[in-house]
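See below for my_file-v6.tsv, which holds TSV, C-alpha atoms.
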```tsv
chain	number	residue	atom	x	y	z
A	19	MET	CA	47.75	29.42	54.25
A	20	THR	CA	46.27	26.01	53.50
A	21	SER	CA	43.31	25.75	51.17
A	22	THR	CA	40.78	22.93	51.34
A	23	PHE	CA	37.86	21.69	49.27
A	24	THR	CA	34.54	21.46	51.11
A	25	TRP	CA	32.04	19.21	49.29
A	26	LEU	CA	28.47	20.35	48.98
A	27	ASP	CA	25.71	18.46	47.22
A	28	TYR	CA	26.28	19.85	43.77
A	29	SER	CA	25.68	17.65	40.75
A	30	GLU	CA	27.78	14.51	40.42
A	31	ARG	CA	29.10	15.83	37.12
A	32	ASP	CA	30.45	18.99	38.80
A	33	ARG	CA	31.95	16.92	41.61
A	34	ARG	CA	33.66	14.57	39.16
A	35	ARG	CA	35.19	17.44	37.23
A	36	ALA	CA	36.47	19.08	40.39
A	37	LEU	CA	38.08	15.82	41.52
A	38	ASP	CA	39.66	15.34	38.10
A	39	VAL	CA	41.20	18.80	38.44
A	40	VAL	CA	42.71	17.77	41.77
A	41	ASP	CA	44.22	14.66	40.20
A	42	LEU	CA	45.54	16.55	37.21
A	43	PHE	CA	47.70	18.73	39.45
A	44	GLY	CA	49.86	15.64	39.85
A	45	GLN	CA	50.30	15.30	36.10
A	46	GLN	CA	52.32	18.28	34.89
A	47	GLU	CA	51.80	17.49	31.24
A	48	THR	CA	48.01	17.74	31.48
A	49	VAL	CA	47.43	20.69	33.81
A	50	ASP	CA	45.04	23.25	32.32
A	51	GLU	CA	47.42	26.21	32.52
A	52	LEU	CA	45.67	28.34	29.90
A	53	GLY	CA	42.14	27.83	31.21
A	54	ILE	CA	40.72	25.92	28.25
A	55	GLY	CA	39.57	22.91	30.31
A	56	THR	CA	35.89	23.80	29.89
A	57	ILE	CA	36.22	23.43	26.13
A	58	ARG	CA	38.41	20.33	26.34
A	59	ASP	CA	35.95	18.59	28.67
A	60	ALA	CA	32.93	19.58	26.61
A	61	LEU	CA	34.44	18.03	23.49
A	62	ALA	CA	35.47	14.92	25.41
A	63	ASP	CA	31.95	14.56	26.82
A	64	LEU	CA	30.46	14.91	23.36
A	65	LEU	CA	32.81	12.31	21.89
A	66	PHE	CA	33.26	9.89	24.81
A	67	PRO	CA	30.51	10.47	27.41
A	68	GLY	CA	30.92	8.90	30.82
A	69	THR	CA	34.68	8.60	30.56
A	70	SER	CA	37.26	10.26	32.80
A	71	THR	CA	41.00	10.79	32.58
A	72	ILE	CA	41.52	8.62	35.67
A	73	GLN	CA	39.42	5.63	34.64
A	74	THR	CA	41.51	2.57	33.88
A	75	ARG	CA	39.58	-0.60	33.00
A	76	ALA	CA	36.09	-1.33	31.67
A	77	ARG	CA	35.20	-3.98	34.24
A	78	TYR	CA	35.09	-1.34	36.96
A	79	PHE	CA	31.76	-0.39	35.38
A	80	LEU	CA	30.62	-3.73	36.83
A	81	PHE	CA	32.83	-3.99	39.92
A	82	VAL	CA	31.39	-0.82	41.46
A	83	PRO	CA	27.70	-1.77	41.17
A	84	TRP	CA	28.46	-5.33	42.30
A	85	LEU	CA	30.16	-4.02	45.44
A	86	HIS	CA	27.27	-1.71	46.24
A	87	LEU	CA	24.63	-4.33	45.57
A	88	ARG	CA	26.43	-6.43	48.23
A	89	LEU	CA	25.90	-3.54	50.66
A	90	GLU	CA	22.21	-3.49	49.87
A	91	ARG	CA	21.82	-7.26	50.24
A	92	LYS	CA	23.59	-7.12	53.61
A	93	ARG	CA	21.43	-4.16	54.66
A	94	VAL	CA	24.47	-2.14	55.70
A	95	ALA	CA	23.22	0.96	57.51
A	96	SER	CA	23.76	4.43	56.06
A	97	GLY	CA	26.16	5.37	58.83
A	98	ALA	CA	28.43	2.40	58.11
A	99	ALA	CA	28.05	2.23	54.33
A	100	ALA	CA	31.02	4.36	53.26
A	101	ALA	CA	33.46	2.55	55.58
A	102	THR	CA	32.12	-0.86	54.56
A	103	ALA	CA	32.38	0.01	50.87
A	104	ARG	CA	35.99	1.09	51.41
A	105	ARG	CA	36.83	-2.19	53.14
A	106	ASP	CA	35.14	-4.20	50.38
A	107	GLU	CA	37.04	-2.34	47.70
A	108	GLY	CA	40.23	-2.90	49.69
A	109	ALA	CA	39.49	-6.64	49.60
A	110	LEU	CA	39.03	-6.41	45.84
A	111	ILE	CA	42.39	-4.65	45.49
A	112	GLU	CA	44.16	-7.31	47.54
A	113	ALA	CA	42.51	-10.10	45.54
A	114	MET	CA	43.61	-8.58	42.23
A	115	ARG	CA	47.17	-7.60	43.10
A	116	PRO	CA	48.63	-11.03	42.20
A	117	ALA	CA	46.67	-11.23	38.93
A	118	VAL	CA	48.59	-11.61	35.69
A	119	ASP	CA	46.65	-8.69	34.20
A	120	SER	CA	46.58	-6.15	37.03
A	121	ALA	CA	47.42	-3.09	34.93
A	122	GLY	CA	45.03	-0.29	35.82
A	123	LEU	CA	44.29	-1.57	39.33
A	124	ILE	CA	43.15	1.44	41.34
A	125	GLY	CA	44.88	1.39	44.72
A	126	SER	CA	47.52	-1.13	43.72
A	127	GLN	CA	50.11	0.62	45.91
A	128	LYS	CA	48.09	1.84	48.90
A	129	GLY	CA	45.25	-0.67	49.00
A	130	GLU	CA	42.32	0.44	51.14
A	131	GLN	CA	44.18	3.67	52.00
A	132	VAL	CA	44.06	4.93	48.42
A	133	LYS	CA	42.64	8.46	48.24
A	134	ARG	CA	40.36	7.87	45.26
A	135	LEU	CA	38.47	4.60	45.30
A	136	ALA	CA	37.02	3.20	42.09
A	137	ALA	CA	33.51	4.05	43.26
A	138	SER	CA	34.22	7.79	43.09
A	139	VAL	CA	36.21	7.48	39.86
A	140	TYR	CA	33.40	5.66	38.02
A	141	TRP	CA	30.28	7.05	39.73
A	142	ASN	CA	29.56	9.69	37.09
A	143	GLY	CA	30.24	7.33	34.19
A	144	LEU	CA	27.93	4.71	35.67
A	145	GLY	CA	25.14	7.26	35.60
A	146	VAL	CA	25.90	8.43	32.07
A	147	TRP	CA	25.99	4.85	30.77
A	148	GLY	CA	22.71	4.03	32.51
A	149	VAL	CA	24.17	1.37	34.82
A	150	ARG	CA	23.49	3.49	37.90
A	151	LEU	CA	19.86	4.57	38.23
A	152	PHE	CA	20.19	6.33	41.58
A	153	PRO	CA	20.29	10.03	40.61
A	154	GLY	CA	22.50	11.49	43.34
A	155	SER	CA	26.12	11.59	44.39
A	156	LEU	CA	27.96	8.74	46.07
A	157	ALA	CA	27.61	10.43	49.46
A	158	GLN	CA	23.87	10.87	48.88
A	159	TYR	CA	23.63	7.21	47.91
A	160	TYR	CA	25.12	6.11	51.22
A	161	ARG	CA	22.90	8.48	53.21
A	162	SER	CA	19.79	7.19	51.47
A	163	LEU	CA	20.31	3.49	52.23
A	164	ASP	CA	18.27	3.37	55.46
A	165	GLN	CA	15.24	4.89	53.74
A	166	PHE	CA	15.76	2.60	50.77
A	167	TYR	CA	15.52	-0.51	52.97
A	168	VAL	CA	12.27	0.72	54.52
A	169	ARG	CA	10.78	1.47	51.11
A	170	ARG	CA	11.90	-1.88	49.70
A	171	ASP	CA	10.48	-3.77	52.69
A	172	THR	CA	7.18	-1.94	52.36
A	173	THR	CA	6.98	-2.80	48.69
A	174	LEU	CA	7.74	-6.47	49.32
A	175	ALA	CA	5.20	-6.63	52.15
A	176	ARG	CA	2.52	-5.36	49.80
A	177	ASP	CA	3.65	-7.80	47.11
A	178	GLU	CA	3.95	-4.89	44.72
A	179	ARG	CA	6.50	-3.68	42.22
A	180	ASP	CA	7.79	-0.15	42.79
A	181	ALA	CA	9.10	0.98	39.42
A	182	GLY	CA	11.15	3.75	41.01
A	183	ILE	CA	12.96	1.66	43.58
A	184	ASP	CA	15.73	0.28	41.36
A	185	ARG	CA	19.08	1.90	42.06
A	186	TRP	CA	21.00	-0.15	39.50
A	187	HIS	CA	20.09	-1.32	36.03
A	188	PRO	CA	17.87	-4.40	36.46
A	189	HIS	CA	19.71	-6.45	33.82
A	190	LEU	CA	23.17	-5.99	35.27
A	191	PRO	CA	25.10	-9.25	34.75
A	192	PRO	CA	25.67	-11.21	37.96
A	193	PRO	CA	29.18	-11.21	39.47
A	194	PRO	CA	31.35	-14.32	39.63
A	195	SER	CA	30.34	-16.47	42.59
A	196	GLU	CA	33.56	-15.73	44.50
A	197	PHE	CA	33.53	-11.98	43.89
A	198	PRO	CA	35.35	-9.97	45.20
A	199	LEU	CA	37.86	-12.54	46.42
A	200	ARG	CA	38.52	-14.13	43.03
A	201	VAL	CA	38.21	-11.87	40.02
A	202	SER	CA	40.09	-10.36	37.08
A	203	PHE	CA	39.77	-7.47	34.65
A	204	ALA	CA	38.82	-9.83	31.81
A	205	LEU	CA	35.23	-9.23	30.78
A	206	ARG	CA	33.04	-12.23	30.10
A	207	ARG	CA	31.27	-12.15	26.75
A	208	SER	CA	27.90	-11.45	28.38
A	209	GLU	CA	29.43	-8.50	30.23
A	210	SER	CA	30.88	-6.98	27.05
A	211	LEU	CA	27.52	-7.36	25.34
A	212	TYR	CA	25.86	-5.71	28.31
A	213	LEU	CA	28.18	-2.68	28.25
A	214	GLN	CA	27.67	-2.33	24.51
A	215	GLU	CA	23.91	-2.44	25.03
A	216	ARG	CA	24.16	0.25	27.73
A	217	LEU	CA	26.07	2.52	25.36
A	218	ARG	CA	23.55	2.01	22.56
A	219	THR	CA	20.68	2.83	24.89
A	220	ALA	CA	22.15	5.62	27.03
A	221	VAL	CA	24.45	7.47	24.59
A	222	PRO	CA	23.44	6.19	21.15
A	223	GLU	CA	24.59	8.97	18.81
A	224	THR	CA	28.15	9.34	20.07
A	225	LEU	CA	31.54	8.37	18.76
A	226	LEU	CA	32.06	6.14	21.79
A	227	THR	CA	29.05	4.01	20.87
A	228	TRP	CA	29.85	4.04	17.15
A	229	LEU	CA	33.37	2.77	17.82
A	230	SER	CA	32.07	0.19	20.27
A	231	ASP	CA	29.65	-1.19	17.71
A	232	ARG	CA	32.31	-1.17	15.02
A	233	GLY	CA	34.53	-3.48	17.05
A	234	GLU	CA	37.91	-2.44	15.66
A	235	PRO	CA	40.51	-2.61	18.46
A	236	THR	CA	43.49	-0.24	18.37
A	237	THR	CA	46.60	-0.15	20.49
A	238	GLY	CA	48.65	2.94	21.24
A	239	LEU	CA	46.88	5.15	18.72
A	240	PRO	CA	47.70	8.68	19.98
A	241	PHE	CA	44.55	10.45	18.76
A	242	VAL	CA	41.13	9.31	17.69
A	243	TRP	CA	41.35	11.25	14.42
A	244	GLU	CA	44.08	8.83	13.38
A	245	HIS	CA	41.64	5.91	13.57
A	246	ARG	CA	41.42	4.40	10.12
A	247	SER	CA	37.61	4.21	10.17
A	248	ILE	CA	36.79	7.78	11.21
A	249	GLY	CA	36.04	8.68	7.60
A	250	GLN	CA	33.18	6.18	7.66
A	251	ALA	CA	31.52	7.63	10.78
A	252	PRO	CA	28.21	9.50	10.52
A	253	PRO	CA	28.58	13.14	9.38
A	254	LEU	CA	28.04	14.79	12.77
A	255	LEU	CA	30.59	12.52	14.44
A	256	ARG	CA	33.15	13.22	11.70
A	257	GLU	CA	32.50	16.92	12.17
A	258	LEU	CA	33.03	16.70	15.93
A	259	VAL	CA	36.30	14.85	15.45
A	260	GLU	CA	37.49	17.45	12.93
A	261	HIS	CA	36.66	20.31	15.31
A	262	ALA	CA	38.42	18.52	18.16
A	263	GLN	CA	41.51	18.03	16.01
A	264	CYS	CA	41.53	21.69	14.95
A	265	PHE	CA	41.23	22.84	18.55
A	266	SER	CA	44.01	20.50	19.62
A	267	ASP	CA	46.22	21.64	16.74
A	268	VAL	CA	45.80	25.33	17.44
A	269	MET	CA	45.96	25.34	21.24
A	270	HIS	CA	48.98	23.05	21.39
A	271	GLY	CA	50.97	25.92	19.92
A	272	ALA	CA	49.77	28.27	22.66
A	273	ALA	CA	50.76	25.75	25.34
A	274	LEU	CA	54.24	25.35	23.87
A	275	VAL	CA	54.78	29.10	23.67
A	276	TYR	CA	53.69	29.42	27.31
A	277	ASN	CA	56.22	26.78	28.36
A	278	LEU	CA	58.92	28.50	26.29
A	279	LEU	CA	58.21	31.84	27.99
A	280	LEU	CA	58.48	30.19	31.40
A	281	SER	CA	61.73	28.51	30.36
A	282	GLU	CA	63.17	31.83	29.24
A	283	ALA	CA	62.10	33.45	32.50
A	284	THR	CA	63.96	30.78	34.48
A	285	GLY	CA	67.03	31.04	32.27
A	286	ASN	CA	67.22	27.25	31.91
A	287	THR	CA	68.98	26.78	28.57
A	288	GLU	CA	68.01	23.10	28.29
A	289	TRP	CA	64.32	23.88	28.66
A	290	ILE	CA	64.57	26.83	26.27
A	291	ALA	CA	66.16	24.67	23.58
A	292	ARG	CA	63.59	21.91	24.08
A	293	TYR	CA	60.56	24.17	23.72
A	294	ARG	CA	62.01	26.08	20.77
A	295	GLU	CA	62.45	22.72	19.07
A	296	ASP	CA	58.91	21.70	20.05
A	297	VAL	CA	57.42	24.90	18.60
A	298	LEU	CA	59.31	24.31	15.35
A	299	LYS	CA	58.14	20.69	15.22
A	300	TRP	CA	54.54	21.77	15.91
A	301	ALA	CA	54.64	24.26	13.03
A	302	GLN	CA	56.18	21.75	10.63
A	303	GLU	CA	53.70	19.01	11.50
A	304	LEU	CA	50.74	21.35	10.95
A	305	GLU	CA	51.95	22.73	7.65
A	306	PRO	CA	49.83	20.21	5.64
A	307	ARG	CA	46.78	21.33	7.66
A	308	ARG	CA	47.34	25.07	7.35
A	309	LEU	CA	44.54	25.53	4.82
A	310	THR	CA	42.13	23.50	6.95
A	311	LEU	CA	42.95	25.59	10.00
A	312	GLN	CA	42.72	28.83	8.05
A	313	ASN	CA	39.19	27.82	7.02
A	314	TRP	CA	38.16	26.33	10.37
A	315	ASP	CA	34.57	27.43	11.09
A	316	ILE	CA	35.01	28.74	14.62
A	317	SER	CA	31.36	29.84	14.86
A	318	ARG	CA	30.17	26.31	14.19
A	319	PHE	CA	32.74	25.06	16.70
A	320	TRP	CA	31.29	27.25	19.47
A	321	ALA	CA	27.76	26.16	18.58
A	322	LEU	CA	28.71	22.50	19.07
A	323	VAL	CA	30.74	23.05	22.24
A	324	GLN	CA	28.04	25.11	23.89
A	325	ARG	CA	25.54	22.29	23.47
A	326	GLN	CA	27.53	20.62	26.22
A	327	ALA	CA	28.98	23.44	28.33
A	328	ARG	CA	28.90	27.17	28.80
A	329	VAL	CA	32.23	28.71	27.85
A	330	PRO	CA	33.17	31.91	29.73
A	331	PHE	CA	33.66	34.94	27.50
A	332	PRO	CA	37.34	35.51	28.45
A	333	THR	CA	38.14	31.91	27.47
A	334	ARG	CA	36.35	32.25	24.16
A	335	TYR	CA	38.11	35.56	23.52
A	336	PHE	CA	41.53	34.03	24.19
A	337	VAL	CA	40.96	31.09	21.82
A	338	GLU	CA	39.71	33.35	19.05
A	339	ALA	CA	42.52	35.88	19.55
A	340	TRP	CA	45.13	33.12	19.35
A	341	LEU	CA	43.52	31.76	16.17
A	342	VAL	CA	43.42	35.23	14.59
A	343	PHE	CA	47.08	35.70	15.46
A	344	LEU	CA	48.07	32.40	13.83
A	345	ARG	CA	46.08	33.17	10.72
A	346	SER	CA	47.95	36.45	10.38
A	347	LEU	CA	51.31	34.67	10.10
A	348	GLU	CA	52.90	33.53	6.89
A	349	HIS	CA	54.92	30.90	8.76
A	350	TRP	CA	53.93	29.46	12.13
A	351	ASP	CA	57.46	28.41	13.12
A	352	GLY	CA	58.16	32.00	14.15
A	353	ALA	CA	55.05	32.34	16.32
A	354	ALA	CA	56.96	32.20	19.62
A	355	ASP	CA	59.06	35.25	18.79
A	356	LYS	CA	56.18	37.54	17.88
A	357	PRO	CA	55.46	40.20	20.56
A	358	ALA	CA	51.72	39.76	19.96
A	359	ALA	CA	51.91	36.06	20.87
A	360	ARG	CA	53.97	36.68	23.98
A	361	ARG	CA	51.68	39.44	25.16
A	362	LEU	CA	48.55	37.35	24.54
A	363	ILE	CA	49.91	34.40	26.53
A	364	ALA	CA	51.20	36.57	29.37
A	365	ASP	CA	47.90	38.44	29.60
A	366	ARG	CA	45.97	35.17	29.68
A	367	GLU	CA	48.07	33.84	32.56
A	368	ALA	CA	47.66	37.11	34.46
A	369	ILE	CA	43.88	37.00	34.09
A	370	LEU	CA	43.72	33.39	35.25
A	371	LYS	CA	46.24	33.43	38.09
A	372	ARG	CA	46.46	37.07	39.11
A	373	ASP	CA	49.23	37.46	41.70
A	374	ARG	CA	50.23	33.79	41.24
A	375	ALA	CA	51.10	34.23	37.57
A	376	ARG	CA	54.56	32.74	37.08
A	377	LEU	CA	55.59	35.19	34.38
A	378	ALA	CA	54.98	38.07	36.78
A	379	ASN	CA	55.86	36.55	40.16
A	380	ARG	CA	59.35	35.16	40.67
A	381	ARG	CA	58.35	33.20	43.76
A	382	TYR	CA	55.84	31.09	41.79
A	383	LEU	CA	58.16	30.81	38.81
A	384	GLU	CA	60.78	29.18	41.03
A	385	LEU	CA	58.28	26.40	41.84
A	386	TRP	CA	57.90	25.48	38.17
A	387	ARG	CA	59.44	22.14	37.16
A	388	GLY	CA	59.75	22.51	33.42
A	389	ALA	CA	56.43	21.32	31.97
A	390	SER	CA	52.88	22.64	32.26
A	391	GLY	CA	50.17	21.34	29.95
A	392	ALA	CA	52.65	20.87	27.11
A	393	GLU	CA	51.04	17.74	25.65
A	394	ARG	CA	48.47	17.85	22.85
A	395	LEU	CA	44.85	17.46	23.86
A	396	ASP	CA	43.50	13.97	23.14
A	397	PHE	CA	40.04	14.41	24.74
A	398	ARG	CA	40.35	11.25	26.87
A	399	TRP	CA	41.13	9.07	23.86
A	400	ARG	CA	43.82	7.13	25.73
A	401	THR	CA	41.29	6.20	28.41
A	402	THR	CA	38.62	5.41	25.83
A	403	GLU	CA	40.95	3.23	23.77
A	404	ARG	CA	41.70	1.10	26.84
A	405	LEU	CA	38.02	0.76	27.81
A	406	LEU	CA	37.05	-0.23	24.28
A	407	GLY	CA	39.94	-2.67	24.14
A	408	ASP	CA	38.60	-4.43	27.23
A	409	ILE	CA	35.11	-4.62	25.72
A	410	PHE	CA	36.42	-6.00	22.43
A	411	SER	CA	38.53	-8.59	24.24
A	412	GLY	CA	35.46	-9.74	26.13
A	413	MET	CA	33.54	-10.09	22.90
A	414	GLY	CA	36.09	-12.64	21.80
A	415	ALA	CA	35.81	-14.70	24.95
A	416	SER	CA	34.76	-18.26	24.16
A	417	THR	CA	33.05	-18.90	27.48
A	418	ASP	CA	31.30	-17.22	30.36
A	419	ALA	CA	32.99	-19.39	32.91
A	420	LEU	CA	33.86	-17.98	36.31
A	421	ASP	CA	37.06	-15.96	36.69
A	422	THR	CA	40.14	-18.08	37.05
```
Let me see the file written as structure tokens.
Amino acid sequence: MTSTFTWLDYSERDRRRALDVVDLFGQQETVDELGIGTIRDALADLLFPGTSTIQTRARYFLFVPWLHLRLERKRVASGAAAATARRDEGALIEAMRPAVDSAGLIGSQKGEQVKRLAASVYWNGLGVWGVRLFPGSLAQYYRSLDQFYVRRDTTLARDERDAGIDRWHPHLPPPPSEFPLRVSFALRRSESLYLQERLRTAVPETLLTWLSDRGEPTTGLPFVWEHRSIGQAPPLLRELVEHAQCFSDVMHGAALVYNLLLSEATGNTEWIARYREDVLKWAQELEPRRLTLQNWDISRFWALVQRQARVPFPTRYFVEAWLVFLRSLEHWDGAADKPAARRLIADREAILKRDRARLANRRYLELWRGASGAERLDFRWRTTERLLGDIFSGMGASTDALDT
């Protein structure tokens, strides 16, 4: 039986999250096997609003509105808008393929045939950052174009200003004159300043904006809590980072135990050895933080998370039960061999997957390829680090000359 997704006009935020889930199925290390994605995403949205795991480069925050403003200037009809936008983005892809810096080019392999165009990847973030003023989904945007042209024409005929007609931020920097046929990912200084201004205005009291204003580039830093300046952040931001780190610390152990149980069920000795070693390494690395995790204020954690998202009771129960279990141990390196841990993980999978639970259904176990959500949660830091790096590089640009 084949399952399909049928899109209804839910909020763009819900649509983006659903699409991210689809993409994550192709990344075995990041699949949400234990059903904690609601919490992970809430923390990521609090820390780095408008970002997504599949965003690649900061200049897409300008490419997408530039492409759609071209549609509006050409008066492309609603019925042809989606296809025209796809062709225009395909032209952008082809123009950028030969570029020296093409890392992060969406559609670099398939061109116009790529399943997820940049417009859908960045649509939510454009709204969060205040670059997109149109309040609906991408599909709604295309459908609304015909009415938009009529309204705009009526306003111009009356020589009036309709304050509600803008669909994009009015101070969006202009594109290079040869866009989209000659362009790069390098932000001009004015563009970096613009994106920084958008962050300050749209999401002012967030770690994303604080880091953007601080202007300290990092490269390959695995987690934001390892940033050397986090201790100087405002108190609430430091608190959010600490809670995110605690959650990542604790739940990484649960993910590793789950992968170990699956490995044992398959009888693959190589996988078993690897995950036993990973559990031991996890316990050793967290030993200096044991006291912090023992004293972690889980009530305060839920209060912060639920400002952003509603966490289902079974998910909250599982997280708290796993934390209580860990706190009951004298040494965490033996967590994987405790019957209570194994039962808790197996029960969680059964609740989430029912008859598709791998630990209870051999047919689904045989489809497993050796890794499921085994990486530590970074709350989109890798994406954020790249976006900030692009902005900081643009700040150092000595000119606003056209792309070369």
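Residue nearest Trp399 in chain A within the list A:Pro83, A:Gly122, A:Gly154, A:Pro67: A:Pro67 [criterion: smallest interatomic distance, only C-alpha atoms].
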In terms of the shortest atom-to-atom distance over all atoms listed in the file, which of A:Ala98, A:Ile409, A:Phe81, A:Arg169 is closest to Pro192 in chain A? A:Phe81
Report, in Å with one decimal, the straight-line distance from CA of Ser390 in chain A to CA of Arg307 in chain A.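 Calculated distance between CA of Ser390 in chain A and CA of Arg307 in chain A is 25.4 Å.
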Show me, as a list in words, the residues that have an atom within 12 Å of Tyr382 in chain A when counting all atoms listed in the file, minus same-chain residues fewer than 2 positions from it.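 In the requested format, the answer is Leu280, Ala283, Thr284, Lys371, Arg372, Asp373, Arg374, Ala375, Arg376, Leu377, Ala378, Asn379, Arg380, Glu384, Leu385, Trp386 and Arg387 of chain A.
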Write out as a compact mmCIF listing (two decimals) with C-alpha atoms, in the coordinates of the input the residues lying within 10 Å of range 249-254 of chain A, counting all atoms listed in the file and excluding same-chain residues fewer than 4 positions away.
```
# COMPACT_ATOMS: atom_id res chain seq x y z
CA GLU A 223 24.59 8.97 18.81
CA THR A 224 28.15 9.34 20.07
CA LEU A 225 31.54 8.37 18.76
CA TRP A 228 29.85 4.04 17.15
CA LEU A 229 33.37 2.77 17.82
CA ARG A 232 32.31 -1.17 15.02
CA TRP A 243 41.35 11.25 14.42
CA GLU A 244 44.08 8.83 13.38
CA HIS A 245 41.64 5.91 13.57
CA LEU A 258 33.03 16.70 15.93
CA VAL A 259 36.30 14.85 15.45
CA GLU A 260 37.49 17.45 12.93
CA LEU A 322 28.71 22.50 19.07
```
From the set A:Arg216, A:Arg294, A:Lys299, A:Arg115, which residue has the shortest atom-to-atom contact distance to Trp147 in chain A, counting all atoms listed in the file?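 Among A:Arg216, A:Arg294, A:Lys299, A:Arg115, it is A:Arg216 that comes nearest to Trp147 in chain A.
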Quick one: 6 Å padding each side, axis-aligned, all listed atoms of range 322-327 of chain A - centre and edge lengths in Å to one decimal, as AutoDock Vina command-line options?
```
--center_x 28.1 --center_y 22.9 --center_z 23.7 --size_x 17.2 --size_y 16.5 --size_z 21.3
```
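Among A:Phe397, A:Gln73, A:Pro191, A:Leu211, the residue with the shortest atom-to-atom distance to Ser138 in chain A, counting all atoms listed in the file, is A:Gln73.
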Can you measure CA of Pro240 in chain A to CA of Arg292 in chain A for me? One decimal in Å is fine.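 CA of Arg292 in chain A lies at a distance of 21.1 Å from CA of Pro240 in chain A.
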May I ask which of the residues A:Tyr335, A:Trp300, A:Tyr293, A:Tyr160 is the closest one to Gly97 in chain A, counting all atoms listed in the file?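 Between A:Tyr335, A:Trp300, A:Tyr293, A:Tyr160, the residue approaching Gly97 in chain A most closely is A:Tyr160.
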Could you give me, as a ChimeraX atom specification, the residues that have an atom at most 7 Å away from the point (59.2, 30.9, 23.6) in the coordinates of the file, using all atoms listed in the file? /A:275-279,282,293-294,354-355
Deliver the residues from the most recent selection as a file, using C-alpha atoms, as a PDB file, keeping the file's coordinate frame.
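Resulting contents of result01.pdb:
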```
ATOM      1  CA  VAL A 275      54.780  29.100  23.670  1.00  0.00           C
ATOM      2  CA  TYR A 276      53.690  29.420  27.310  1.00  0.00           C
ATOM      3  CA  ASN A 277      56.220  26.780  28.360  1.00  0.00           C
ATOM      4  CA  LEU A 278      58.920  28.500  26.290  1.00  0.00           C
ATOM      5  CA  LEU A 279      58.210  31.840  27.990  1.00  0.00           C
ATOM      6  CA  GLU A 282      63.170  31.830  29.240  1.00  0.00           C
ATOM      7  CA  TYR A 293      60.560  24.170  23.720  1.00  0.00           C
ATOM      8  CA  ARG A 294      62.010  26.080  20.770  1.00  0.00           C
ATOM      9  CA  ALA A 354      56.960  32.200  19.620  1.00  0.00           C
ATOM     10  CA  ASP A 355      59.060  35.250  18.790  1.00  0.00           C
TER      11      ASP A 355
END
```
Rounded to one decimal in Å, what is the spacing between CA of Gly148 in chain A and CA of Ala220 in chain A? 5.7 Å
Which residue gives the smallest distance to Arg404 in chain A among A:Val342, A:Ile54, A:Leu80, A:Ile72, with all atoms listed in the file counted?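 Under the stated criterion, the closest residue is A:Ile72.
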Hey, what's within 10 Å of Pro153 in chain A if we count all atoms listed in the file and toss same-chain stuff fewer than 2 positions away? As a PyMOL selection string, please? chain A and resi 29-30+142+145+150-151+155-156+158-159+185
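Those residues positioned at most 9 Å from (43.6, -1.7, 22.1) are Glu234, Pro235, Thr236, Thr237, Gly238, Leu239, Glu403, Arg404, Leu405, Leu406, Gly407, Asp408, Phe410 and Ser411 of chain A, judged using only C-alpha atoms.
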Could those residues be written to a file, using C-alpha atoms, as a PDB file, in the coordinates of the input?
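Listed below is the output, out-v2.pdb:
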```pdb
ATOM      1  CA  GLU A 234      37.910  -2.440  15.660  1.00  0.00           C
ATOM      2  CA  PRO A 235      40.510  -2.610  18.460  1.00  0.00           C
ATOM      3  CA  THR A 236      43.490  -0.240  18.370  1.00  0.00           C
ATOM      4  CA  THR A 237      46.600  -0.150  20.490  1.00  0.00           C
ATOM      5  CA  GLY A 238      48.650   2.940  21.240  1.00  0.00           C
ATOM      6  CA  LEU A 239      46.880   5.150  18.720  1.00  0.00           C
ATOM      7  CA  GLU A 403      40.950   3.230  23.770  1.00  0.00           C
ATOM      8  CA  ARG A 404      41.700   1.100  26.840  1.00  0.00           C
ATOM      9  CA  LEU A 405      38.020   0.760  27.810  1.00  0.00           C
ATOM     10  CA  LEU A 406      37.050  -0.230  24.280  1.00  0.00           C
ATOM     11  CA  GLY A 407      39.940  -2.670  24.140  1.00  0.00           C
ATOM     12  CA  ASP A 408      38.600  -4.430  27.230  1.00  0.00           C
ATOM     13  CA  PHE A 410      36.420  -6.000  22.430  1.00  0.00           C
ATOM     14  CA  SER A 411      38.530  -8.590  24.240  1.00  0.00           C
TER      15      SER A 411
END
```
Contacts of Ser202 in chain A within 12 Å, all atoms listed in the file, excl. fewer than 4 positions in-chain, as a PyMOL selection string: chain A and resi 75-78+80-81+110-123+193-194+196-198+206+408+412+420-422
